[in-house]
>>> print(open('protein_31.txt').read())   # compact mmCIF, C-alpha atoms
# COMPACT_ATOMS: atom_id res chain seq x y z
CA GLY A 1 30.71 12.60 28.19
CA GLN A 2 30.12 10.44 31.22
CA ASN A 3 31.91 7.23 32.07
CA ILE A 4 31.88 5.46 35.41
CA ASP A 5 33.69 2.14 35.64
CA GLN A 6 33.41 -0.49 38.36
CA PRO A 7 34.24 -4.19 38.38
CA THR A 8 31.20 -6.26 37.52
CA GLU A 9 31.52 -8.85 40.28
CA MET A 10 33.70 -9.62 43.30
CA THR A 11 33.76 -12.48 45.78
CA ALA A 12 35.15 -12.32 49.31
CA THR A 13 35.10 -14.39 52.47
CA GLU A 14 33.14 -13.61 55.61
CA GLY A 15 35.31 -11.66 58.07
CA ALA A 16 37.68 -10.42 55.37
CA ILE A 17 38.26 -6.93 53.91
CA VAL A 18 37.24 -6.03 50.37
CA GLN A 19 37.94 -2.93 48.27
CA ILE A 20 35.60 -1.95 45.43
CA ASN A 21 37.14 0.49 42.97
CA CYS A 22 35.44 3.13 40.87
CA THR A 23 36.96 5.35 38.19
CA TYR A 24 35.05 8.17 36.58
CA GLN A 25 35.20 10.67 33.76
CA THR A 26 32.32 13.12 33.91
CA SER A 27 31.56 16.54 32.51
CA GLY A 28 31.52 18.01 36.01
CA PHE A 29 32.22 16.88 39.53
CA ASN A 30 30.35 17.89 42.65
CA GLY A 31 30.81 14.85 44.87
CA LEU A 32 31.01 11.05 44.75
CA PHE A 33 28.50 8.78 46.41
CA TRP A 34 28.28 5.09 47.19
CA TYR A 35 24.96 3.29 47.42
CA GLN A 36 24.18 -0.30 48.43
CA GLN A 37 21.46 -2.24 46.63
CA HIS A 38 20.34 -5.68 47.79
CA ALA A 39 18.79 -7.87 45.13
CA GLY A 40 15.24 -6.82 44.39
CA GLU A 41 15.42 -3.80 46.64
CA ALA A 42 15.98 -0.07 46.25
CA PRO A 43 19.42 1.55 46.61
CA THR A 44 20.32 2.97 50.02
CA PHE A 45 22.89 5.70 50.67
CA LEU A 46 26.22 4.58 52.17
CA SER A 47 28.78 7.36 51.91
CA TYR A 48 29.76 10.65 50.35
CA ASN A 49 33.11 12.23 49.40
CA VAL A 50 33.59 15.69 47.98
CA LEU A 51 37.17 16.34 49.11
CA ASP A 52 40.20 14.10 48.62
CA GLY A 53 40.84 11.58 51.35
CA LEU A 54 39.22 8.90 53.41
CA GLU A 55 35.78 9.04 55.03
CA GLU A 56 35.15 6.35 57.64
CA LYS A 57 31.76 5.20 58.84
CA GLY A 58 31.84 2.07 60.99
CA ARG A 59 32.81 -0.95 58.89
CA PHE A 60 32.59 1.09 55.70
CA SER A 61 35.13 3.62 54.42
CA SER A 62 35.27 5.53 51.16
CA PHE A 63 38.26 7.20 49.53
CA LEU A 64 38.44 9.85 46.83
CA SER A 65 41.21 11.20 44.60
CA ARG A 66 39.76 13.92 42.37
CA SER A 67 42.98 14.38 40.37
CA LYS A 68 42.93 10.68 39.44
CA GLY A 69 39.16 10.40 38.99
CA TYR A 70 39.24 7.49 41.40
CA SER A 71 37.36 6.28 44.43
CA TYR A 72 37.10 3.09 46.41
CA LEU A 73 34.74 1.65 48.96
CA LEU A 74 36.35 -0.44 51.69
CA LEU A 75 34.29 -2.95 53.61
CA LYS A 76 35.83 -4.48 56.73
CA GLU A 77 34.80 -7.52 58.78
CA LEU A 78 32.57 -8.72 55.98
CA GLN A 79 29.24 -10.24 56.91
CA MET A 80 26.93 -12.37 54.81
CA LYS A 81 24.41 -9.52 54.77
CA ASP A 82 26.95 -7.39 52.89
CA SER A 83 26.24 -9.47 49.77
CA ALA A 84 24.71 -6.83 47.49
CA SER A 85 25.42 -4.57 44.54
CA TYR A 86 27.48 -1.46 45.31
CA LEU A 87 26.80 1.54 43.10
CA CYS A 88 29.27 4.36 42.56
CA ALA A 89 27.59 7.65 41.60
CA VAL A 90 28.99 11.04 40.64
CA ARG A 91 27.09 14.26 41.21
CA GLU A 92 27.64 16.58 38.31
CA TYR A 93 27.19 20.33 38.26
CA GLY A 94 23.45 20.91 38.30
CA ASN A 95 23.16 18.26 41.01
CA LYS A 96 22.40 15.36 38.69
CA LEU A 97 23.56 11.94 39.96
CA VAL A 98 25.10 9.63 37.38
CA PHE A 99 25.34 6.00 38.49
CA GLY A 100 27.79 3.31 37.48
CA ALA A 101 26.51 -0.16 36.63
CA GLY A 102 27.35 -1.45 40.09
CA THR A 103 29.62 -4.15 41.51
CA ILE A 104 27.95 -7.35 42.71
CA LEU A 105 29.69 -8.48 45.89
CA ARG A 106 29.25 -12.08 46.99
CA VAL A 107 30.30 -12.92 50.53
CA LYS A 108 30.97 -16.60 51.14
CA SER A 109 31.33 -18.40 54.44
CA GLU B 1 9.33 8.85 59.23
CA ALA B 2 7.54 7.25 56.31
CA GLY B 3 9.68 6.44 53.29
CA VAL B 4 9.08 6.99 49.60
CA ALA B 5 5.93 5.18 48.50
CA GLN B 6 5.39 3.79 45.01
CA SER B 7 2.60 1.90 43.33
CA PRO B 8 2.01 -0.48 41.77
CA ARG B 9 4.89 -2.76 42.76
CA TYR B 10 4.55 -4.95 39.69
CA LYS B 11 2.98 -4.45 36.29
CA ILE B 12 2.77 -6.66 33.22
CA ILE B 13 1.47 -5.15 29.99
CA GLU B 14 1.64 -5.86 26.29
CA LYS B 15 3.61 -3.65 23.94
CA ARG B 16 1.79 -0.60 22.67
CA GLN B 17 -0.32 -0.44 25.83
CA SER B 18 -0.03 2.45 28.27
CA VAL B 19 0.95 2.35 31.93
CA ALA B 20 1.23 4.83 34.79
CA PHE B 21 3.27 4.77 37.96
CA TRP B 22 2.69 6.79 41.11
CA CYS B 23 5.15 8.13 43.69
CA ASN B 24 4.70 9.87 47.03
CA PRO B 25 8.00 11.29 48.31
CA ILE B 26 9.14 11.79 51.89
CA SER B 27 7.32 14.72 53.47
CA GLY B 28 9.29 17.93 53.09
CA HIS B 29 11.51 16.68 50.27
CA ALA B 30 11.43 19.30 47.54
CA THR B 31 13.33 17.27 44.95
CA LEU B 32 11.85 14.20 43.29
CA TYR B 33 13.46 11.88 40.76
CA TRP B 34 12.34 9.13 38.44
CA TYR B 35 14.96 6.56 37.43
CA GLN B 36 14.88 3.61 35.07
CA GLN B 37 16.98 0.62 36.09
CA ILE B 38 17.42 -2.12 33.52
CA LEU B 39 18.61 -5.48 34.84
CA GLY B 40 22.36 -5.45 35.40
CA GLN B 41 22.70 -1.69 35.06
CA GLY B 42 22.74 1.27 37.41
CA PRO B 43 19.76 3.61 37.72
CA LYS B 44 19.42 6.10 34.86
CA LEU B 45 17.82 9.44 35.64
CA LEU B 46 14.70 10.07 33.56
CA ILE B 47 13.46 13.29 35.13
CA GLN B 48 14.17 15.47 38.15
CA PHE B 49 11.66 17.86 39.72
CA GLN B 50 12.30 20.69 42.15
CA ASN B 51 8.91 21.29 43.77
CA ASN B 52 6.60 21.15 40.72
CA GLY B 53 9.15 22.41 38.18
CA VAL B 54 11.31 20.24 35.93
CA VAL B 55 15.07 20.57 36.58
CA ASP B 56 16.35 17.91 34.18
CA ASP B 57 14.50 15.75 31.68
CA SER B 58 17.32 15.36 29.16
CA GLN B 59 17.15 11.55 29.21
CA LEU B 60 13.36 11.22 29.16
CA PRO B 61 12.10 9.73 25.86
CA LYS B 62 9.53 12.43 25.41
CA ASP B 63 7.81 10.77 22.47
CA ARG B 64 6.44 8.11 24.81
CA PHE B 65 7.23 9.07 28.40
CA SER B 66 5.65 11.88 30.38
CA ALA B 67 5.77 12.89 34.03
CA GLU B 68 4.14 15.46 36.21
CA ARG B 69 4.32 16.58 39.80
CA LEU B 70 1.21 18.51 40.55
CA LYS B 71 1.26 20.65 43.68
CA GLY B 72 4.91 19.76 44.25
CA VAL B 73 4.19 16.55 46.16
CA ASP B 74 3.02 13.34 44.44
CA SER B 75 4.24 12.48 40.97
CA THR B 76 3.13 10.23 38.14
CA LEU B 77 5.21 8.76 35.32
CA LYS B 78 3.41 7.53 32.21
CA ILE B 79 4.53 5.44 29.26
CA GLN B 80 2.37 5.50 26.14
CA PRO B 81 2.81 3.37 24.09
CA ALA B 82 5.13 0.91 25.81
CA LYS B 83 7.90 -0.95 23.98
CA LEU B 84 9.62 -4.20 24.88
CA GLU B 85 12.79 -2.31 25.85
CA ASP B 86 10.86 -0.41 28.53
CA SER B 87 10.92 -3.54 30.70
CA ALA B 88 12.79 -2.36 33.79
CA VAL B 89 12.39 -1.26 37.39
CA TYR B 90 11.17 2.31 37.73
CA LEU B 91 12.52 3.89 40.88
CA CYS B 92 11.28 7.05 42.47
CA ALA B 93 13.56 8.92 44.86
CA SER B 94 13.39 12.14 46.84
CA SER B 95 15.80 14.43 48.63
CA LEU B 96 15.94 17.67 50.53
CA ALA B 97 16.69 20.74 48.44
CA GLY B 98 20.46 21.24 48.34
CA ARG B 99 21.11 17.60 49.36
CA GLU B 100 20.66 16.01 45.95
CA GLY B 101 23.41 13.46 46.51
CA THR B 102 21.64 11.85 49.45
CA GLN B 103 18.56 10.41 47.84
CA TYR B 104 15.96 8.15 49.42
CA PHE B 105 14.57 5.56 47.06
CA GLY B 106 11.19 3.93 46.99
CA PRO B 107 10.75 0.16 46.48
CA GLY B 108 10.30 0.59 42.74
CA THR B 109 7.80 -0.66 40.17
CA ARG B 110 8.85 -3.71 38.16
CA LEU B 111 7.48 -3.39 34.63
CA LEU B 112 7.42 -6.25 32.17
CA VAL B 113 6.37 -5.48 28.62
CA LEU B 114 5.40 -8.53 26.57
>>> encode(input="protein_31.txt", output="structure tokens")
Amino acid sequence: GQNIDQPTEMTATEGAIVQINCTYQTSGFNGLFWYQQHAGEAPTFLSYNVLDGLEEKGRFSSFLSRSKGYSYLLLKELQMKDSASYLCAVREYGNKLVFGAGTILRVKS
Amino acid sequence: EAGVAQSPRYKIIEKRQSVAFWCNPISGHATLYWYQQILGQGPKLLIQFQNNGVVDDSQLPKDRFSAERLKGVDSTLKIQPAKLEDSAVYLCASSLAGREGTQYFGPGTRLLVL
């Protein structure tokens, strides 16, 4: 079966660092993806991990541990515009993407 | 480059009526997806096309939903008849062949079934 777990909501302060965790149990694994979705808008691609370790892209970093079925998205120097839902998605064999329910991040000043 | 186009953006219908959504993917993207996103949930894949062939439609309620991608470009998703629980945002996405993790989403169609 498929199970992707993320916290429902998180709140952080502008300028701070926040870590959004994702754990997964899927029938196959061919990469883990993070997408950002602002309210009322479509998801946009943020990052991709297929091997264990940390991938850094500007203020955003993503980490993967395949043995633990665990990933996190790290957002540094938070800005108000980072307020959005962050979706963890696993690509299964056959290239199907399975999305988690998303974590709503609220950035306060 | 132009993004994924979808129409209409909003649709309100009564239950048991039919509705159709249209999607035009990014030029050159062989893979096209239809997702259903219910409020508070992540997108759920309904159907995935590679060119004009179906790759995965395991979660498509085939008794009421149908989709086609004629000529491997535009696609339409139809619901007939609609139920109250079909109220959701229907997202179309596309990707290059072999790059299925990096998908580009359209703005979506918000469907409300009354």
>>> residues_near_point(input="protein_31.txt", point="(26.6, 1.6, 42.9)", cutoff="9 Å", atoms="all atoms listed in the file", output="list in words")
Gln6, Phe33, Trp34, Tyr35, Gln36, Gln37, Pro43, Ser85, Tyr86, Leu87, Cys88, Ala89, Phe99, Gly100, Ala101, Gly102 and Thr103 of chain A; Gly42 and Pro43 of chain B
>>> closest_residue(input="protein_31.txt", among="B:Leu46, B:Asn51, B:Val19, B:Glu85", to="Val73 of chain B", atoms="all atoms listed in the file")
B:Asn51
>>> atom_distance(input="protein_31.txt", atom1="atom CA of Tyr33 of chain B", atom2="atom CA of Cys92 of chain B")
5.6 Å
>>> atom_distance(input="protein_31.txt", atom1="atom CA of Asp56 of chain B", atom2="atom CA of Leu97 of chain A")
11.0 Å
>>> residues_around(input="protein_31.txt", residues="segment 44-49 of chain A", least_positions_apart="2", cutoff="10 Å", atoms="all atoms listed in the file", output="ChimeraX atom specification")
/A:30-38,41-42,51-57,60-66,71,73,86-90 /B:101-106
>>> closest_residue(input="protein_31.txt", among="A:Lys96, A:Arg91, A:Arg59, A:Lys81", to="Gln19 of chain A", atoms="all atoms listed in the file")
A:Arg59
>>> atom_distance(input="protein_31.txt", atom1="atom CA of Gln59 of chain B", atom2="atom CA of Trp22 of chain B")
19.3 Å
>>> residues_near_point(input="protein_31.txt", point="(38.2, -11.6, 49.1)", cutoff="12 Å", atoms="all atoms listed in the file", output="short mmCIF file (atom, residue, chain, number, x, y, z; two decimals) with C-alpha atoms, in the coordinates of the input")
data_model
loop_
_atom_site.label_atom_id
_atom_site.label_comp_id
_atom_site.auth_asym_id
_atom_site.auth_seq_id
_atom_site.Cartn_x
_atom_site.Cartn_y
_atom_site.Cartn_z
CA GLU A 9 31.52 -8.85 40.28
CA MET A 10 33.70 -9.62 43.30
CA THR A 11 33.76 -12.48 45.78
CA ALA A 12 35.15 -12.32 49.31
CA THR A 13 35.10 -14.39 52.47
CA GLU A 14 33.14 -13.61 55.61
CA GLY A 15 35.31 -11.66 58.07
CA ALA A 16 37.68 -10.42 55.37
CA ILE A 17 38.26 -6.93 53.91
CA VAL A 18 37.24 -6.03 50.37
CA GLN A 19 37.94 -2.93 48.27
CA ILE A 20 35.60 -1.95 45.43
CA LEU A 74 36.35 -0.44 51.69
CA LEU A 75 34.29 -2.95 53.61
CA LYS A 76 35.83 -4.48 56.73
CA GLU A 77 34.80 -7.52 58.78
CA LEU A 78 32.57 -8.72 55.98
CA GLN A 79 29.24 -10.24 56.91
CA LEU A 105 29.69 -8.48 45.89
CA ARG A 106 29.25 -12.08 46.99
CA VAL A 107 30.30 -12.92 50.53
CA LYS A 108 30.97 -16.60 51.14
CA SER A 109 31.33 -18.40 54.44
#
>>> closest_residue(input="protein_31.txt", among="A:Ala39, A:Asn3, A:Thr8, A:Val98", to="Thr23 of chain A", atoms="only C-alpha atoms")
A:Asn3
>>> closest_residue(input="protein_31.txt", among="B:Asp86, B:Gln50, B:Leu60, B:Leu32", to="Leu114 of chain B", atoms="all atoms listed in the file")
B:Asp86
>>> closest_residue(input="protein_31.txt", among="B:Ile38, B:Ala2, B:Leu45, B:Val89", to="Asp57 of chain B", atoms="only C-alpha atoms")
B:Leu45
>>> axis_aligned_box(input="protein_31.txt", around="segment 14-23 of chain B", padding_each_side="5 Å", output="AutoDock Vina command-line options")
--center_x 2.4 --center_y 1.1 --center_z 33.2 --size_x 15.5 --size_y 24.0 --size_z 31.0
>>> closest_residue(input="protein_31.txt", among="A:Gly40, A:Ser83, A:Tyr24, A:Pro7", to="chain B", atoms="all atoms listed in the file")
A:Gly40
